[in-house]
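Visitor: Sharing a structure here in structure tokens format.
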There are 2 protein chains.
Amino acid sequence: MNHRSPTILDVAKKADVAVGTVSRFLNGRNIRKSNRDRIEAAISELGFRANIVARAMKTERTKSIGLLVPVFDEFNSAILSVLVDELQANGYSLLTFHHGHQAKAMIEALEAAASRRIDALLLSATEGIQTEVERQVAGDLPITLFNNDLPEVAADRVLVNDRAGTAQAVRRMVEFGHERIGFVSGDLFESTARNRLDGYLDTMRKLGLPIDEELIWKQDWSRSNGHVATRAFCEMTNPPTAIFYSSYILATGGLEFMRGASLVPGKDMHVVSFDDPDYFSLLTPGITAVAQPVKAVAQSLAELTISRLENDIDAPRTVTLDCDFKLRGSLGLKKD
Amino acid sequence: MNHRSPTILDVAKKADVAVGTVSRFLNGRNIRKSNRDRIEAAISELGFRANIVARAMKTERTKSIGLLVPVFDEFNSAILSVLVDELQANGYSLLTFHHGHQAKAMIEALEAAASRRIDALLLSATEGIQTEVERQVAGDLPITLFNNDLPEVAADRVLVNDRAGTAQAVRRMVEFGHERIGFVSGDLFESTARNRLDGYLDTMRKLGLPIDEELIWKQDWSRSNGHVATRAFCEMTNPPTAIFYSSYILATGGLEFMRGASLVPGKDMHVVSFDDPDYFSLLTPGITAVAQPVKAVAQSLAELTISRLENDIDAPRTVTLDCDFKLRGSLGLKKD
DNA sequence: TTTAGAAGTTGAAACGTTTCATTTTGGGAG
DNA sequence: CTCCCAAAATGAAACGTTTCAACTTCTAAA
């Protein structure tokens, strides 16, 4: 209960050296052997632990990195986990924020993060806050964007090849005999949603299939939207034979509707989803999905950000990662 | 690009007052109207934003709180979300750490968290690190335990009534005609696992049912363990008619096995799980579960911790919350 | 108009590091 | 045994706040 924890000064006194020397030691620079020994002894005797806050004030680096995402869903939580490890290994800690897709909350969170004097920010945002992000970047906060791109922002990026991932899925759906394919989009303010839609449109065109505007449902990312869209599709006089969902949340809403309506995926309606949460493989049948390389995304985020911080890099870099197609029962057996 | 951001001193100069006055203003104390106006003008003109790090160094409060959990699964992510909001609303930020149930990682994370000079730590741990936790508490770090209790540690606690929750589930299972009930436990080093097991044993005894040691599977919390346990139970010559899983991870492993063996929950084997992740209600049939009050847990965590920090409370407090039983198809229809 | 007390202001000191110009040390070459 | 030089040590200044004792200004009662 000895109040006032020991400082570098106490250590210096006890080891009979100058504070500067202790500081050198703490920062791993060369020290005369005799001094090193005495300092080490003093440190363990006093139970000294360098005050990170004081250090941060002097060096202007807090060694903490912010993570701002819409919600901590399965996808972002997985990213969070990997990130914490990678950052910890490099002496950084992670501060978490979320914005629930709302511009106001996003700006507030951005403010809060910046005023914490974080060294960098990992950001999954929407275009609604483009200007605020630009302000922060200009204010010298390194930002690494992921999931959604914000055009024209000078930042590093870790993106997933949404377009190609969707294209591949659509191609497979067509191979399975589907021509009328419903598409449930996320919020088209987000590049992610736009790219997935483009992947669908491109592929349909390339394969010479007609594009029916009625089969393209454009709303937000919510589960209820997935639910409603699916109902609408299923109740059409000429319904699609398969539906592609732009995210697992949307697909979850869709499955919810089908379950309530006693429709069996892979039989009454064929289903493919972007994102591959754990539970897709537990459903009967399993849900066919475009799996994002979650771990690689998180690792790239850490790598890009840390290398920028430590090596004083200037040019913005972009990492693009490919998705993996997981064929499961919800796409059914190939129609001959 | 104006390097060196403005300080309180710049504001003071521009507003022609003393730094102390600006500080008073920033901390919401009374200020002469004329001064307030000039200070406000200066602040917005300069784009001044108080340096949280310098403040933290002086006040010895970082206004940041650590969260250390085993993994960021659906349960802990939900807690994280609510926490971030509650804390943010009170001016605190959240630093995240995880330990993967491993003592070594746990101690390292605890170290890392403490050396960040967090104001408090929210901790879901195992008894393996009891002494390390005691050391930190003695070192004056307020800790709020949740999920698992560590006996004898002087800390606040937010617990869930595991025993009663399990007891109720078992009672319901018996009402549904089950007498041979398999029990898949988590790691018995954790109070959570012990309490759930006790809830089962108590209830069986109270209802005058025999306890068959063969039906109690004691291992760790892993999904593979749930898988293996379920296989073992199903392959017994006299198998149980229902299985209770001590967590959704274990249940997930069990469902995985059943799916592979083409066993239908609620028909070939009846299933109840502690924890109620989103997807339980999407499966066919839905999985019957003991739902923890996730949101209330997170809110209590925030409330207890903040009130301790702001009001200088001494006696440790415990909040205990009740669970909710969600009856779904996996327990099947009542027999006869 | 005076005056006491409350309310507000002032500015130097302190928080615990790192930095850096200066000084000291030690070891090898001559 | 000197001398020189690189390596290491020194300690004061600085980082941007808050705090607090001393001082000034305001308000309202006499």
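Residue numbering restarts at 1 in every chain; chains get A, B, ... in the order shown in the structure tokens, and ligands count up from 1 in that same order.
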For chain A, list the residues within 9 Å of chain C, counting only C-alpha atoms (C1' of nucleotides), and write the list as a ChimeraX atom specification.
Guide: /A:7-9,20,23,50-59
Visitor: Take the residues that were just selected and, keeping N, CA and C atoms, output them as a PDB file, in the first residue's frame.
Guide:
ATOM      1  N   THR A   7       9.597   5.968  -9.356  1.00  0.00           N
ATOM      2  CA  THR A   7       9.852   6.568 -10.663  1.00  0.00           C
ATOM      3  C   THR A   7      11.286   6.283 -11.081  1.00  0.00           C
ATOM      4  N   ILE A   8      11.557   6.684 -12.245  1.00  0.00           N
ATOM      5  CA  ILE A   8      12.883   6.522 -12.804  1.00  0.00           C
ATOM      6  C   ILE A   8      13.920   7.206 -11.906  1.00  0.00           C
ATOM      7  N   LEU A   9      13.468   8.228 -11.229  1.00  0.00           N
ATOM      8  CA  LEU A   9      14.364   8.978 -10.340  1.00  0.00           C
ATOM      9  C   LEU A   9      14.758   8.131  -9.132  1.00  0.00           C
ATOM     10  N   GLY A  20      19.111   9.979 -16.808  1.00  0.00           N
ATOM     11  CA  GLY A  20      19.316   9.745 -18.240  1.00  0.00           C
ATOM     12  C   GLY A  20      19.818   8.346 -18.508  1.00  0.00           C
ATOM     13  N   SER A  23      17.060   5.901 -18.244  1.00  0.00           N
ATOM     14  CA  SER A  23      16.235   6.012 -19.435  1.00  0.00           C
ATOM     15  C   SER A  23      16.880   5.265 -20.604  1.00  0.00           C
ATOM     16  N   ALA A  50       8.013   1.444 -15.741  1.00  0.00           N
ATOM     17  CA  ALA A  50       8.019   2.749 -16.414  1.00  0.00           C
ATOM     18  C   ALA A  50       6.604   3.272 -16.623  1.00  0.00           C
ATOM     19  N   ASN A  51       6.422   4.531 -16.409  1.00  0.00           N
ATOM     20  CA  ASN A  51       5.116   5.149 -16.584  1.00  0.00           C
ATOM     21  C   ASN A  51       4.884   5.485 -18.053  1.00  0.00           C
ATOM     22  N   ILE A  52       4.028   4.672 -18.633  1.00  0.00           N
ATOM     23  CA  ILE A  52       3.747   4.785 -20.061  1.00  0.00           C
ATOM     24  C   ILE A  52       3.151   6.140 -20.421  1.00  0.00           C
ATOM     25  N   VAL A  53       2.411   6.692 -19.496  1.00  0.00           N
ATOM     26  CA  VAL A  53       1.740   7.961 -19.793  1.00  0.00           C
ATOM     27  C   VAL A  53       2.759   9.087 -19.902  1.00  0.00           C
ATOM     28  N   ALA A  54       3.677   9.119 -18.961  1.00  0.00           N
ATOM     29  CA  ALA A  54       4.705  10.158 -19.008  1.00  0.00           C
ATOM     30  C   ALA A  54       5.538  10.002 -20.273  1.00  0.00           C
ATOM     31  N   ARG A  55       5.842   8.768 -20.570  1.00  0.00           N
ATOM     32  CA  ARG A  55       6.618   8.526 -21.782  1.00  0.00           C
ATOM     33  C   ARG A  55       5.864   9.031 -23.011  1.00  0.00           C
ATOM     34  N   ALA A  56       4.566   8.717 -23.038  1.00  0.00           N
ATOM     35  CA  ALA A  56       3.749   9.115 -24.184  1.00  0.00           C
ATOM     36  C   ALA A  56       3.724  10.628 -24.323  1.00  0.00           C
ATOM     37  N   MET A  57       3.682  11.295 -23.191  1.00  0.00           N
ATOM     38  CA  MET A  57       3.607  12.742 -23.268  1.00  0.00           C
ATOM     39  C   MET A  57       4.868  13.315 -23.893  1.00  0.00           C
ATOM     40  N   LYS A  58       5.981  12.747 -23.528  1.00  0.00           N
ATOM     41  CA  LYS A  58       7.245  13.246 -24.054  1.00  0.00           C
ATOM     42  C   LYS A  58       7.463  12.843 -25.514  1.00  0.00           C
ATOM     43  N   THR A  59       7.202  11.590 -25.817  1.00  0.00           N
ATOM     44  CA  THR A  59       7.496  11.092 -27.161  1.00  0.00           C
ATOM     45  C   THR A  59       6.385  11.418 -28.157  1.00  0.00           C
TER      46      THR A  59
END
Visitor: Given identical sequences, can you show me chain B least-squares superposed on chain A via all its Cα atoms in order, as a compact mmCIF listing (two decimals) with C-alpha atoms, in the first residue's frame?
Guide:
# COMPACT_ATOMS: atom_id res chain seq x y z
CA MET B 1 -0.02 -0.05 -0.18
CA ASN B 2 3.04 2.12 -0.50
CA HIS B 3 1.46 5.02 -2.28
CA ARG B 4 3.30 6.81 -5.04
CA SER B 5 4.84 4.21 -7.25
CA PRO B 6 8.58 4.42 -7.83
CA THR B 7 9.85 6.54 -10.69
CA ILE B 8 12.88 6.47 -12.86
CA LEU B 9 14.40 8.91 -10.41
CA ASP B 10 14.09 6.50 -7.52
CA VAL B 11 15.74 3.86 -9.64
CA ALA B 12 18.53 6.21 -10.60
CA LYS B 13 19.20 7.11 -7.00
CA LYS B 14 19.18 3.54 -5.80
CA ALA B 15 21.45 2.41 -8.63
CA ASP B 16 23.60 5.49 -8.22
CA VAL B 17 23.44 6.59 -11.84
CA ALA B 18 21.81 9.49 -13.67
CA VAL B 19 18.21 9.38 -14.76
CA GLY B 20 19.34 9.60 -18.35
CA THR B 21 21.20 6.35 -17.94
CA VAL B 22 18.16 4.58 -16.59
CA SER B 23 16.21 5.90 -19.51
CA ARG B 24 18.80 4.56 -21.94
CA PHE B 25 18.55 1.22 -20.25
CA LEU B 26 14.78 1.18 -20.42
CA ASN B 27 14.94 1.92 -24.10
CA GLY B 28 17.33 -0.92 -24.75
CA ARG B 29 20.37 1.13 -25.58
CA ASN B 30 23.87 0.19 -24.56
CA ILE B 31 24.80 0.45 -20.95
CA ARG B 32 27.97 -0.30 -19.06
CA LYS B 33 27.66 -3.77 -17.60
CA SER B 34 28.18 -2.64 -14.02
CA ASN B 35 25.48 -0.02 -14.37
CA ARG B 36 23.11 -2.41 -16.03
CA ASP B 37 23.39 -4.80 -13.12
CA ARG B 38 22.75 -2.16 -10.52
CA ILE B 39 19.84 -0.73 -12.47
CA GLU B 40 18.26 -4.12 -12.94
CA ALA B 41 18.62 -4.80 -9.26
CA ALA B 42 17.11 -1.46 -8.34
CA ILE B 43 14.20 -1.95 -10.68
CA SER B 44 13.23 -5.32 -9.36
CA GLU B 45 13.83 -4.26 -5.79
CA LEU B 46 11.57 -1.24 -6.14
CA GLY B 47 9.06 -2.97 -8.35
CA PHE B 48 9.51 -0.13 -10.79
CA ARG B 49 7.46 -0.06 -13.95
CA ALA B 50 7.96 2.75 -16.44
CA ASN B 51 5.07 5.17 -16.59
CA ILE B 52 3.69 4.81 -20.08
CA VAL B 53 1.72 8.01 -19.79
CA ALA B 54 4.69 10.18 -19.01
CA ARG B 55 6.59 8.53 -21.80
CA ALA B 56 3.73 9.15 -24.19
CA MET B 57 3.62 12.79 -23.28
CA LYS B 58 7.26 13.26 -24.07
CA THR B 59 7.48 11.11 -27.18
CA GLU B 60 4.07 12.08 -28.51
CA ARG B 61 3.33 8.45 -29.25
CA THR B 62 0.76 6.68 -27.13
CA LYS B 63 1.48 3.27 -28.57
CA SER B 64 -2.21 2.77 -28.85
CA ILE B 65 -4.25 2.23 -31.97
CA GLY B 66 -7.95 2.82 -32.43
CA LEU B 67 -10.40 0.48 -34.10
CA LEU B 68 -13.66 1.97 -35.31
CA VAL B 69 -16.21 -0.36 -36.85
CA PRO B 70 -19.96 -0.29 -37.42
CA VAL B 71 -20.72 -3.08 -34.96
CA PHE B 72 -18.86 -5.86 -33.22
CA ASP B 73 -20.46 -8.65 -35.16
CA GLU B 74 -18.86 -11.99 -35.84
CA PHE B 75 -16.75 -10.58 -38.65
CA ASN B 76 -15.37 -7.58 -36.80
CA SER B 77 -14.90 -9.53 -33.59
CA ALA B 78 -12.74 -12.01 -35.43
CA ILE B 79 -10.71 -9.11 -36.78
CA LEU B 80 -10.49 -7.65 -33.32
CA SER B 81 -9.08 -10.87 -31.90
CA VAL B 82 -6.32 -11.21 -34.41
CA LEU B 83 -5.53 -7.52 -34.20
CA VAL B 84 -5.14 -7.53 -30.45
CA ASP B 85 -2.53 -10.24 -30.76
CA GLU B 86 -0.60 -8.69 -33.59
CA LEU B 87 -0.57 -5.29 -31.99
CA GLN B 88 0.28 -6.55 -28.55
CA ALA B 89 3.25 -8.35 -30.02
CA ASN B 90 4.51 -5.00 -31.25
CA GLY B 91 3.85 -3.11 -28.06
CA TYR B 92 0.62 -1.49 -29.12
CA SER B 93 -2.76 -1.62 -27.44
CA LEU B 94 -6.15 -1.42 -29.05
CA LEU B 95 -8.87 1.09 -28.25
CA THR B 96 -12.30 0.14 -29.52
CA PHE B 97 -15.12 2.27 -30.87
CA HIS B 98 -18.26 1.57 -32.89
CA HIS B 99 -20.72 3.69 -34.77
CA GLY B 100 -23.67 1.54 -35.79
CA HIS B 101 -23.61 2.85 -39.37
CA GLN B 102 -24.74 6.29 -38.22
CA ALA B 103 -22.90 9.34 -39.44
CA LYS B 104 -23.33 11.25 -36.22
CA ALA B 105 -22.04 8.44 -34.05
CA MET B 106 -19.24 7.90 -36.52
CA ILE B 107 -18.04 11.46 -36.26
CA GLU B 108 -18.30 11.42 -32.49
CA ALA B 109 -16.32 8.22 -32.29
CA LEU B 110 -13.73 9.63 -34.66
CA GLU B 111 -13.47 12.68 -32.44
CA ALA B 112 -13.16 10.60 -29.30
CA ALA B 113 -10.54 8.39 -30.88
CA ALA B 114 -8.50 11.30 -32.13
CA SER B 115 -8.60 13.14 -28.84
CA ARG B 116 -7.21 10.02 -27.19
CA ARG B 117 -4.08 10.79 -29.15
CA ILE B 118 -4.02 7.33 -30.72
CA ASP B 119 -1.09 6.72 -33.04
CA ALA B 120 -3.27 5.40 -35.83
CA LEU B 121 -6.85 4.47 -36.60
CA LEU B 122 -8.23 1.37 -38.27
CA LEU B 123 -11.49 2.39 -39.82
CA SER B 124 -14.45 0.67 -41.36
CA ALA B 125 -16.73 3.57 -42.31
CA THR B 126 -19.20 4.86 -44.85
CA GLU B 127 -18.88 7.73 -47.21
CA GLY B 128 -21.08 9.88 -45.03
CA ILE B 129 -18.03 10.94 -43.07
CA GLN B 130 -15.57 11.35 -45.89
CA THR B 131 -14.82 14.97 -45.03
CA GLU B 132 -14.40 14.34 -41.34
CA VAL B 133 -11.96 11.57 -42.12
CA GLU B 134 -10.06 13.85 -44.45
CA ARG B 135 -9.84 16.42 -41.69
CA GLN B 136 -8.34 13.88 -39.33
CA VAL B 137 -5.89 12.60 -41.89
CA ALA B 138 -4.82 16.16 -42.60
CA GLY B 139 -4.44 16.58 -38.85
CA ASP B 140 -1.79 13.90 -39.19
CA LEU B 141 -3.60 10.88 -37.87
CA PRO B 142 -2.61 7.88 -39.98
CA ILE B 143 -5.72 5.98 -40.98
CA THR B 144 -5.98 2.51 -42.41
CA LEU B 145 -9.28 1.87 -44.11
CA PHE B 146 -10.76 -1.57 -44.40
CA ASN B 147 -13.94 -3.21 -45.48
CA ASN B 148 -15.23 -0.02 -47.08
CA ASP B 149 -13.18 2.23 -49.25
CA LEU B 150 -13.45 5.99 -49.06
CA PRO B 151 -12.36 7.38 -52.41
CA GLU B 152 -9.70 10.06 -52.53
CA VAL B 153 -8.67 9.75 -48.91
CA ALA B 154 -4.91 9.59 -48.45
CA ALA B 155 -4.81 6.44 -46.35
CA ASP B 156 -3.64 2.86 -46.39
CA ARG B 157 -6.26 0.32 -47.33
CA VAL B 158 -6.93 -3.33 -46.75
CA LEU B 159 -9.69 -4.40 -49.07
CA VAL B 160 -11.28 -7.59 -50.12
CA ASN B 161 -12.00 -8.39 -53.72
CA ASP B 162 -15.76 -8.05 -53.34
CA ARG B 163 -16.38 -7.89 -57.00
CA ALA B 164 -14.47 -11.01 -57.92
CA GLY B 165 -15.86 -12.88 -54.94
CA THR B 166 -19.41 -12.09 -55.95
CA ALA B 167 -18.67 -12.77 -59.59
CA GLN B 168 -17.40 -16.21 -58.79
CA ALA B 169 -20.45 -16.97 -56.69
CA VAL B 170 -22.82 -15.85 -59.42
CA ARG B 171 -20.94 -17.91 -61.98
CA ARG B 172 -21.29 -20.94 -59.78
CA MET B 173 -24.97 -20.26 -59.29
CA VAL B 174 -25.43 -20.14 -63.02
CA GLU B 175 -23.49 -23.36 -63.40
CA PHE B 176 -25.97 -24.86 -61.01
CA GLY B 177 -28.70 -23.98 -63.45
CA HIS B 178 -29.98 -20.72 -62.02
CA GLU B 179 -30.87 -17.90 -64.35
CA ARG B 180 -33.22 -15.82 -62.27
CA ILE B 181 -31.02 -14.86 -59.35
CA GLY B 182 -32.29 -12.47 -56.71
CA PHE B 183 -29.73 -10.04 -55.35
CA VAL B 184 -30.08 -8.47 -51.92
CA SER B 185 -27.76 -5.49 -51.65
CA GLY B 186 -26.45 -3.62 -48.66
CA ASP B 187 -26.40 0.13 -48.37
CA LEU B 188 -25.15 1.41 -51.71
CA PHE B 189 -23.45 4.33 -50.00
CA GLU B 190 -20.78 1.82 -49.18
CA SER B 191 -18.23 0.74 -51.73
CA THR B 192 -18.50 -2.80 -50.47
CA ALA B 193 -22.16 -2.96 -51.43
CA ARG B 194 -21.55 -1.31 -54.78
CA ASN B 195 -18.72 -3.67 -55.66
CA ARG B 196 -20.76 -6.70 -54.81
CA LEU B 197 -23.62 -5.46 -56.90
CA ASP B 198 -21.26 -4.75 -59.76
CA GLY B 199 -19.87 -8.25 -59.49
CA TYR B 200 -23.37 -9.57 -59.95
CA LEU B 201 -24.30 -7.29 -62.82
CA ASP B 202 -21.02 -7.88 -64.66
CA THR B 203 -21.31 -11.59 -64.46
CA MET B 204 -24.92 -11.73 -65.52
CA ARG B 205 -24.09 -9.60 -68.53
CA LYS B 206 -21.00 -11.57 -69.40
CA LEU B 207 -22.97 -14.75 -69.31
CA GLY B 208 -25.62 -13.21 -71.50
CA LEU B 209 -28.33 -13.45 -68.89
CA PRO B 210 -31.10 -10.87 -68.61
CA ILE B 211 -30.99 -8.48 -65.69
CA ASP B 212 -34.34 -8.03 -64.08
CA GLU B 213 -34.46 -4.87 -61.96
CA GLU B 214 -37.20 -6.46 -59.92
CA LEU B 215 -34.70 -9.00 -58.69
CA ILE B 216 -32.35 -6.39 -57.27
CA TRP B 217 -33.28 -5.32 -53.79
CA LYS B 218 -31.50 -2.18 -52.67
CA GLN B 219 -31.77 -1.13 -49.04
CA ASP B 220 -29.61 -1.25 -45.96
CA TRP B 221 -27.53 -3.92 -44.26
CA SER B 222 -30.08 -4.88 -41.65
CA ARG B 223 -31.33 -8.31 -40.83
CA SER B 224 -34.92 -7.16 -41.17
CA ASN B 225 -34.13 -5.97 -44.65
CA GLY B 226 -32.92 -9.45 -45.55
CA HIS B 227 -36.13 -10.81 -44.15
CA VAL B 228 -38.36 -8.46 -46.09
CA ALA B 229 -36.45 -8.83 -49.32
CA THR B 230 -36.70 -12.57 -49.15
CA ARG B 231 -40.40 -12.47 -48.54
CA ALA B 232 -40.84 -10.14 -51.49
CA PHE B 233 -38.82 -12.40 -53.74
CA CYS B 234 -40.61 -15.54 -52.63
CA GLU B 235 -44.01 -14.01 -53.13
CA MET B 236 -43.37 -12.85 -56.70
CA THR B 237 -45.45 -14.46 -59.39
CA ASN B 238 -42.25 -15.37 -61.14
CA PRO B 239 -39.83 -15.74 -58.26
CA PRO B 240 -36.08 -16.21 -58.59
CA THR B 241 -34.75 -19.74 -58.10
CA ALA B 242 -31.82 -18.53 -56.04
CA ILE B 243 -30.88 -15.51 -53.96
CA PHE B 244 -27.51 -13.94 -53.38
CA TYR B 245 -27.16 -11.97 -50.14
CA SER B 246 -24.53 -9.25 -49.89
CA SER B 247 -23.77 -10.09 -46.28
CA TYR B 248 -24.42 -12.75 -43.72
CA ILE B 249 -26.65 -10.41 -41.78
CA LEU B 250 -28.93 -10.08 -44.76
CA ALA B 251 -28.78 -13.82 -45.34
CA THR B 252 -29.63 -14.40 -41.70
CA GLY B 253 -32.75 -12.31 -42.12
CA GLY B 254 -33.59 -14.31 -45.21
CA LEU B 255 -33.13 -17.61 -43.44
CA GLU B 256 -35.29 -16.35 -40.66
CA PHE B 257 -38.09 -15.68 -43.12
CA MET B 258 -37.68 -19.02 -44.81
CA ARG B 259 -37.73 -20.82 -41.53
CA GLY B 260 -40.96 -19.08 -40.59
CA ALA B 261 -42.46 -19.90 -43.98
CA SER B 262 -41.22 -23.48 -43.80
CA LEU B 263 -39.15 -23.02 -46.89
CA VAL B 264 -36.05 -25.19 -46.99
CA PRO B 265 -32.89 -23.54 -48.34
CA GLY B 266 -31.32 -25.58 -51.11
CA LYS B 267 -34.70 -27.01 -51.98
CA ASP B 268 -37.44 -24.41 -52.05
CA MET B 269 -35.00 -21.60 -52.55
CA HIS B 270 -31.29 -21.67 -53.23
CA VAL B 271 -29.12 -19.44 -51.15
CA VAL B 272 -25.62 -17.99 -51.36
CA SER B 273 -24.24 -15.37 -49.02
CA PHE B 274 -21.30 -13.07 -48.84
CA ASP B 275 -19.42 -13.71 -45.56
CA ASP B 276 -19.12 -17.04 -43.89
CA PRO B 277 -19.91 -16.96 -40.18
CA ASP B 278 -19.26 -20.08 -38.17
CA TYR B 279 -22.81 -21.16 -37.93
CA PHE B 280 -23.42 -21.41 -41.68
CA SER B 281 -21.82 -24.82 -41.65
CA LEU B 282 -24.05 -25.94 -38.78
CA LEU B 283 -27.32 -25.31 -40.51
CA THR B 284 -29.01 -28.05 -42.44
CA PRO B 285 -28.28 -27.69 -45.21
CA GLY B 286 -25.09 -25.69 -44.86
CA ILE B 287 -25.17 -22.23 -46.39
CA THR B 288 -23.02 -21.66 -49.44
CA ALA B 289 -20.87 -18.63 -48.90
CA VAL B 290 -18.15 -16.31 -50.12
CA ALA B 291 -15.71 -16.37 -47.24
CA GLN B 292 -13.62 -13.31 -46.55
CA PRO B 293 -10.05 -13.97 -45.43
CA VAL B 294 -10.70 -12.53 -42.00
CA LYS B 295 -7.39 -13.42 -40.48
CA ALA B 296 -5.41 -12.09 -43.40
CA VAL B 297 -7.37 -8.85 -43.29
CA ALA B 298 -6.50 -8.34 -39.66
CA GLN B 299 -2.88 -9.23 -40.19
CA SER B 300 -2.57 -6.85 -43.10
CA LEU B 301 -4.18 -4.13 -41.05
CA ALA B 302 -1.63 -4.60 -38.31
CA GLU B 303 1.27 -4.89 -40.69
CA LEU B 304 0.46 -1.89 -42.83
CA THR B 305 -0.24 0.29 -39.86
CA ILE B 306 2.76 -0.66 -37.81
CA SER B 307 5.13 -0.41 -40.72
CA ARG B 308 3.82 3.07 -41.44
CA LEU B 309 4.29 4.12 -37.85
CA GLU B 310 7.75 2.70 -37.42
CA ASN B 311 9.25 3.40 -40.81
CA ASP B 312 7.85 6.76 -41.66
CA ILE B 313 6.33 5.70 -44.94
CA ASP B 314 4.75 8.29 -47.17
CA ALA B 315 2.88 6.81 -50.13
CA PRO B 316 -0.47 5.21 -49.33
CA ARG B 317 -0.59 1.49 -49.99
CA THR B 318 -3.46 -0.84 -50.74
CA VAL B 319 -3.65 -4.53 -50.00
CA THR B 320 -6.37 -6.47 -51.78
CA LEU B 321 -7.26 -9.96 -50.67
CA ASP B 322 -9.24 -12.67 -52.38
CA CYS B 323 -12.24 -14.54 -51.07
CA ASP B 324 -12.87 -18.21 -50.89
CA PHE B 325 -16.01 -19.87 -52.25
CA LYS B 326 -17.55 -22.43 -49.90
CA LEU B 327 -19.98 -24.68 -51.65
CA ARG B 328 -22.58 -26.15 -49.31
CA GLY B 329 -26.03 -27.66 -49.50
CA SER B 330 -27.96 -24.41 -49.78
CA LEU B 331 -26.97 -24.15 -53.42
CA GLY B 332 -28.27 -27.69 -53.84
CA LEU B 333 -27.07 -30.34 -56.18
CA LYS B 334 -26.29 -29.40 -59.72
CA LYS B 335 -29.46 -29.52 -61.80
CA ASP B 336 -29.50 -32.19 -64.57
Visitor: Please return, as a PDB file with C-alpha atoms (C1' of nucleotides), in the first residue's frame, all residues of chain D lying within 12 Å of chain B when only C-alpha atoms (C1' of nucleotides) are considered.
Guide:
ATOM      1  C1'  DC D  15       6.543  17.898 -22.950  1.00  0.00           C
ATOM      2  C1'  DG D  16       1.117  20.066 -21.653  1.00  0.00           C
ATOM      3  C1'  DT D  17      -1.584  19.700 -18.227  1.00  0.00           C
ATOM      4  C1'  DT D  18      -3.550  20.524 -13.066  1.00  0.00           C
ATOM      5  C1'  DT D  19      -3.126  22.392  -8.605  1.00  0.00           C
ATOM      6  C1'  DC D  20      -2.859  25.645  -5.041  1.00  0.00           C
ATOM      7  C1'  DT D  25     -12.355  41.533  -8.368  1.00  0.00           C
ATOM      8  C1'  DC D  26     -17.152  41.479  -7.578  1.00  0.00           C
TER       9       DC D  26
END
Visitor: I need the residues of stretch 216-302 of chain A that end up classed as helix (DSSP H, G or I) by DSSP on the backbone, written out as JSON, numbers by chain.
Guide: {"A": [223, 224, 225, 226, 227, 228, 229, 230, 231, 232, 233, 234, 248, 249, 250, 251, 252, 253, 254, 255, 256, 257, 258, 259, 260, 278, 279, 280, 281, 294, 295, 296, 297, 298, 299, 300, 301, 302]}
Visitor: Filtering to C-alpha atoms, could you give me those residues as an mmCIF file, in the first residue's frame?
Guide:
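File result-v3.cif, as written:
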data_model
loop_
_atom_site.group_PDB
_atom_site.id
_atom_site.type_symbol
_atom_site.label_atom_id
_atom_site.label_comp_id
_atom_site.auth_asym_id
_atom_site.auth_seq_id
_atom_site.Cartn_x
_atom_site.Cartn_y
_atom_site.Cartn_z
ATOM 1 C CA ARG A 223 -31.338 -8.290 -40.834
ATOM 2 C CA SER A 224 -34.915 -7.139 -41.164
ATOM 3 C CA ASN A 225 -34.134 -5.944 -44.655
ATOM 4 C CA GLY A 226 -32.939 -9.433 -45.544
ATOM 5 C CA HIS A 227 -36.150 -10.785 -44.149
ATOM 6 C CA VAL A 228 -38.380 -8.422 -46.073
ATOM 7 C CA ALA A 229 -36.468 -8.785 -49.315
ATOM 8 C CA THR A 230 -36.741 -12.530 -49.155
ATOM 9 C CA ARG A 231 -40.428 -12.416 -48.536
ATOM 10 C CA ALA A 232 -40.864 -10.074 -51.472
ATOM 11 C CA PHE A 233 -38.853 -12.356 -53.732
ATOM 12 C CA CYS A 234 -40.671 -15.478 -52.628
ATOM 13 C CA TYR A 248 -24.438 -12.752 -43.735
ATOM 14 C CA ILE A 249 -26.664 -10.415 -41.782
ATOM 15 C CA LEU A 250 -28.946 -10.073 -44.768
ATOM 16 C CA ALA A 251 -28.816 -13.813 -45.347
ATOM 17 C CA THR A 252 -29.654 -14.387 -41.717
ATOM 18 C CA GLY A 253 -32.769 -12.288 -42.128
ATOM 19 C CA GLY A 254 -33.619 -14.269 -45.212
ATOM 20 C CA LEU A 255 -33.174 -17.590 -43.455
ATOM 21 C CA GLU A 256 -35.337 -16.319 -40.664
ATOM 22 C CA PHE A 257 -38.127 -15.632 -43.107
ATOM 23 C CA MET A 258 -37.732 -19.000 -44.827
ATOM 24 C CA ARG A 259 -37.794 -20.780 -41.534
ATOM 25 C CA GLY A 260 -41.027 -19.037 -40.596
ATOM 26 C CA ASP A 278 -19.292 -20.093 -38.194
ATOM 27 C CA TYR A 279 -22.852 -21.160 -37.965
ATOM 28 C CA PHE A 280 -23.476 -21.412 -41.710
ATOM 29 C CA SER A 281 -21.884 -24.824 -41.673
ATOM 30 C CA VAL A 294 -10.699 -12.571 -42.021
ATOM 31 C CA LYS A 295 -7.393 -13.475 -40.507
ATOM 32 C CA ALA A 296 -5.413 -12.148 -43.429
ATOM 33 C CA VAL A 297 -7.360 -8.906 -43.314
ATOM 34 C CA ALA A 298 -6.494 -8.401 -39.678
ATOM 35 C CA GLN A 299 -2.874 -9.302 -40.212
ATOM 36 C CA SER A 300 -2.557 -6.925 -43.117
ATOM 37 C CA LEU A 301 -4.159 -4.199 -41.073
ATOM 38 C CA ALA A 302 -1.614 -4.670 -38.333
#
